[in-house]
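Notes for the one structure printed next.
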Amino acid sequence: MNAQLREILSRSQAAFLGLAIGDALGAPLEFMTTGEIKAKYGLLKDLVGGGWLRIKAGRVTDDTEMSLCIARAIVAAGGWDLKGIAENFAAWLKSRPLDVGDTCRKGIRNYMLKGALETSFNQWDAGNGAVMRILPVVLSTMGDGGECERQVIAQAHLTHNHPLSDSACICLGKMVQLSIQGHSKPRLRKEVDALIEAHPGFRFEPYKGLATGYVVDTMQTVFHHFFRGKDFEDCLVNTVNQGGDADTTGAIMGMLAGAYYGLENIPRRWQKKMDSKVMDEVTVLAERLVRLSPQWEP
Ligand code: MN
Ligand code: MN
């Protein structure tokens, strides 16, 4: 394996590990306000248990679990497999997950009852439930921007069909691919500027401080803390301490900052405290996914 591929592989793994760590770090803060977080933790910098889910420290939630469903389906099929993804979502929903978003549940039930692989447009589908799980597709389409765009939207439409969700998926997908390829923040910023030009609601300067499950608020929070952040830990800590949908903003920041800063920048103390089964599986899956991509020419 040449040095460039080694770098791409390691950043892909960092992105998937980062997603899981961000999810686990944010989970106990989900639905809390910044004031409540400050009163209880000061600034939360470590993996703890608790929150409304009464989660165990280092455990992940639906954000990582749905990403795993997608990753396993693509790896099992050796490529894109929308029906396989829907089947894995259905099996996951039946397993009574710790947490599941309303829009996701509705979309998965729509597949279970009618076999539908696409929900119709719904004005209430502008939540962040499709963006949080795009990473496996981003990895398996590395080097093919057009295919990445097509697949992030197809997986999104299993549960979320809304132009704001679609645009956020496409923009984040490009940012993560560019990060894995070693591009700079100014280059990534151009993707965000293009998103804002198409949908001015995503403007994040000045930052409004909202981190709800509405995809526009979610992405503003991620953009704000990513472009000011100085390393993986800084980006992630500031994001989850914003509260609101903290596990999901954390998961999204984790994949982006993981891809951007790489494995060496992910604090050891977090890696050690995470559920080791999840850490092992995402490491293996990230490699299998990126090996399926057009970028992989050993
Ligand atoms: Mn979650
Ligand atoms: Mn969430």
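Going by the structure tokens order, chains are called A, B, ..., each with residues numbered from 1, while ligands are numbered from 1 in the order shown.
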
Residues near Met175 in chain A, cut-off 8 Å, only C-alpha atoms, skip fewer than 4 positions along chain, as a VMD selection string: chain A and resid 171 179 188 191 256

Counting only C-alpha atoms and all ligand atoms, give me one row per residue of chain A with an atom at most 10 Å from an atom of ligand 1, showing the shortest contact pair and its distance in Å to one decimal, sorted by chain then residue number, as a Markdown table.
```
| residue | atom | partner | partner_atom_place_in_ligand_line | distance |
| --- | --- | --- | --- | --- |
| A:Asp23 | CA | ligand 1 | 1 (Mn) | 6.6 |
| A:Ala24 | CA | ligand 1 | 1 (Mn) | 8.6 |
| A:Gly26 | CA | ligand 1 | 1 (Mn) | 8.6 |
| A:Ala27 | CA | ligand 1 | 1 (Mn) | 6.6 |
| A:Glu30 | CA | ligand 1 | 1 (Mn) | 8.2 |
| A:Leu53 | CA | ligand 1 | 1 (Mn) | 9.6 |
| A:Val60 | CA | ligand 1 | 1 (Mn) | 7.5 |
| A:Thr61 | CA | ligand 1 | 1 (Mn) | 4.5 |
| A:Asp62 | CA | ligand 1 | 1 (Mn) | 4.5 |
| A:Asp63 | CA | ligand 1 | 1 (Mn) | 4.8 |
| A:Thr64 | CA | ligand 1 | 1 (Mn) | 7.6 |
| A:Glu65 | CA | ligand 1 | 1 (Mn) | 8.7 |
| A:Met66 | CA | ligand 1 | 1 (Mn) | 9.4 |
| A:Leu98 | CA | ligand 1 | 1 (Mn) | 8.7 |
| A:Asp99 | CA | ligand 1 | 1 (Mn) | 6.2 |
| A:Val100 | CA | ligand 1 | 1 (Mn) | 7.0 |
| A:Gly101 | CA | ligand 1 | 1 (Mn) | 7.8 |
| A:Gly129 | CA | ligand 1 | 1 (Mn) | 8.8 |
| A:Met132 | CA | ligand 1 | 1 (Mn) | 8.9 |
| A:Asp245 | CA | ligand 1 | 1 (Mn) | 7.9 |
| A:Ala246 | CA | ligand 1 | 1 (Mn) | 8.3 |
| A:Asp247 | CA | ligand 1 | 1 (Mn) | 5.3 |
| A:Thr248 | CA | ligand 1 | 1 (Mn) | 5.7 |
| A:Thr249 | CA | ligand 1 | 1 (Mn) | 9.4 |
| A:Gly250 | CA | ligand 1 | 1 (Mn) | 9.4 |
| A:Ala251 | CA | ligand 1 | 1 (Mn) | 8.4 |
```

Take the selection from the previous step and output its residues with C-alpha atoms, as a PDB file, in the first residue's frame.
```
ATOM      1  CA  ASP A  23     -22.271  10.219  19.435  1.00  0.00           C
ATOM      2  CA  ALA A  24     -21.220   8.768  22.810  1.00  0.00           C
ATOM      3  CA  GLY A  26     -22.980  13.978  23.203  1.00  0.00           C
ATOM      4  CA  ALA A  27     -25.542  11.341  24.233  1.00  0.00           C
ATOM      5  CA  GLU A  30     -29.054  15.343  24.491  1.00  0.00           C
ATOM      6  CA  LEU A  53     -31.428   7.861  27.923  1.00  0.00           C
ATOM      7  CA  VAL A  60     -23.360   4.824  21.144  1.00  0.00           C
ATOM      8  CA  THR A  61     -26.928   5.560  19.987  1.00  0.00           C
ATOM      9  CA  ASP A  62     -28.987   5.466  16.771  1.00  0.00           C
ATOM     10  CA  ASP A  63     -26.591   7.789  14.930  1.00  0.00           C
ATOM     11  CA  THR A  64     -23.829   5.183  15.012  1.00  0.00           C
ATOM     12  CA  GLU A  65     -26.175   2.185  14.893  1.00  0.00           C
ATOM     13  CA  MET A  66     -27.893   3.361  11.691  1.00  0.00           C
ATOM     14  CA  LEU A  98     -32.153   2.588  22.814  1.00  0.00           C
ATOM     15  CA  ASP A  99     -33.220   5.590  20.744  1.00  0.00           C
ATOM     16  CA  VAL A 100     -34.820   6.199  17.348  1.00  0.00           C
ATOM     17  CA  GLY A 101     -36.017   9.430  15.754  1.00  0.00           C
ATOM     18  CA  GLY A 129     -31.641  11.926  10.818  1.00  0.00           C
ATOM     19  CA  MET A 132     -25.950  11.719  10.640  1.00  0.00           C
ATOM     20  CA  ASP A 245     -29.387  17.288  19.753  1.00  0.00           C
ATOM     21  CA  ALA A 246     -25.881  16.870  21.163  1.00  0.00           C
ATOM     22  CA  ASP A 247     -25.284  13.241  20.204  1.00  0.00           C
ATOM     23  CA  THR A 248     -26.148  13.970  16.587  1.00  0.00           C
ATOM     24  CA  THR A 249     -24.183  17.227  16.277  1.00  0.00           C
ATOM     25  CA  GLY A 250     -21.405  15.276  18.031  1.00  0.00           C
ATOM     26  CA  ALA A 251     -21.643  12.372  15.583  1.00  0.00           C
TER      27      ALA A 251
END
```

For Thr141 in chain A: contacts at 12 Å, only C-alpha atoms, fewer than 4 positions along chain excluded, given as number ranges by chain: A: 12, 74, 79-80, 134-137, 145-152, 173-174, 176-177, 286, 288-296

Include C-alpha atoms and write out the residues we just selected as a PDB file, in the first residue's frame.
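Result written to again-v8.pdb:
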```pdb
ATOM      1  CA  SER A  12     -11.441   6.935   6.828  1.00  0.00           C
ATOM      2  CA  ILE A  74     -22.690  -2.191   1.555  1.00  0.00           C
ATOM      3  CA  GLY A  79     -21.276  -2.301  -3.228  1.00  0.00           C
ATOM      4  CA  TRP A  80     -24.390  -0.158  -3.196  1.00  0.00           C
ATOM      5  CA  ILE A 134     -24.009   9.211   5.499  1.00  0.00           C
ATOM      6  CA  LEU A 135     -20.443   8.176   6.335  1.00  0.00           C
ATOM      7  CA  PRO A 136     -20.428   4.586   4.974  1.00  0.00           C
ATOM      8  CA  VAL A 137     -21.590   5.872   1.589  1.00  0.00           C
ATOM      9  CA  GLY A 145     -18.303  12.773  -6.206  1.00  0.00           C
ATOM     10  CA  GLY A 146     -21.296  12.131  -8.459  1.00  0.00           C
ATOM     11  CA  GLU A 147     -21.915   8.650  -7.099  1.00  0.00           C
ATOM     12  CA  CYS A 148     -21.488   9.942  -3.561  1.00  0.00           C
ATOM     13  CA  GLU A 149     -24.187  12.543  -4.199  1.00  0.00           C
ATOM     14  CA  ARG A 150     -26.573   9.973  -5.684  1.00  0.00           C
ATOM     15  CA  GLN A 151     -26.129   7.487  -2.844  1.00  0.00           C
ATOM     16  CA  VAL A 152     -26.265   9.921   0.086  1.00  0.00           C
ATOM     17  CA  GLY A 173     -20.405  14.222   2.014  1.00  0.00           C
ATOM     18  CA  LYS A 174     -18.130  16.442  -0.100  1.00  0.00           C
ATOM     19  CA  VAL A 176     -15.698  14.543   4.448  1.00  0.00           C
ATOM     20  CA  GLN A 177     -14.307  13.229   1.144  1.00  0.00           C
ATOM     21  CA  ALA A 286     -14.106   1.684   7.378  1.00  0.00           C
ATOM     22  CA  ARG A 288     -13.653  -2.589   3.823  1.00  0.00           C
ATOM     23  CA  LEU A 289     -15.752   0.366   2.623  1.00  0.00           C
ATOM     24  CA  VAL A 290     -12.877   2.469   1.353  1.00  0.00           C
ATOM     25  CA  ARG A 291     -11.392  -0.583  -0.379  1.00  0.00           C
ATOM     26  CA  LEU A 292     -14.636  -0.783  -2.408  1.00  0.00           C
ATOM     27  CA  SER A 293     -14.236   2.808  -3.620  1.00  0.00           C
ATOM     28  CA  PRO A 294     -12.844   4.001  -6.977  1.00  0.00           C
ATOM     29  CA  GLN A 295     -10.090   5.784  -5.014  1.00  0.00           C
ATOM     30  CA  TRP A 296      -8.609   2.421  -4.074  1.00  0.00           C
TER      31      TRP A 296
END
```

Distance criterion (only C-alpha atoms): nearest to Lys230 in chain A out of A:Tyr261, A:Arg203, A:Asp193, A:Ile70: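 Checking each candidate against Lys230 in chain A, we get A:Tyr261 as the closest.
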
Range 274-282 of chain A surroundings by only C-alpha atoms, 6 Å radius, close-in-sequence under 4 positions cut, as a list in words: Phe16, Gly58, Arg59 and Ala286 of chain A

Nearby residues (only C-alpha atoms) at most 12 Å from Pro206 in chain A, same-chain spacing under 6 positions excluded, as a list in words: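 Contacts, with the query itself left out: Gln220, Thr221, Phe223 and His224 of chain A.
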
CA of Ala57 in chain A to CA of Asp102 in chain A, distance in Å rounded to a single decimal: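 CA of Asp102 in chain A lies 24.5 Å from CA of Ala57 in chain A.
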
DSSP alpha helix (DSSP H) selection over range 36-252 of chain A, as an MDAnalysis selection string: chainID A and resid 36:41 62:77 82:94 102:114 135:140 145:156 163:180 185:198 215:228 232:240 246:252

Option closest in space to Gly254 in chain A, from A:Leu9, A:Gly22, A:Ser120, A:Leu113 [counting only C-alpha atoms]: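 Among the listed residues, A:Gly22 lies closest to Gly254 in chain A.
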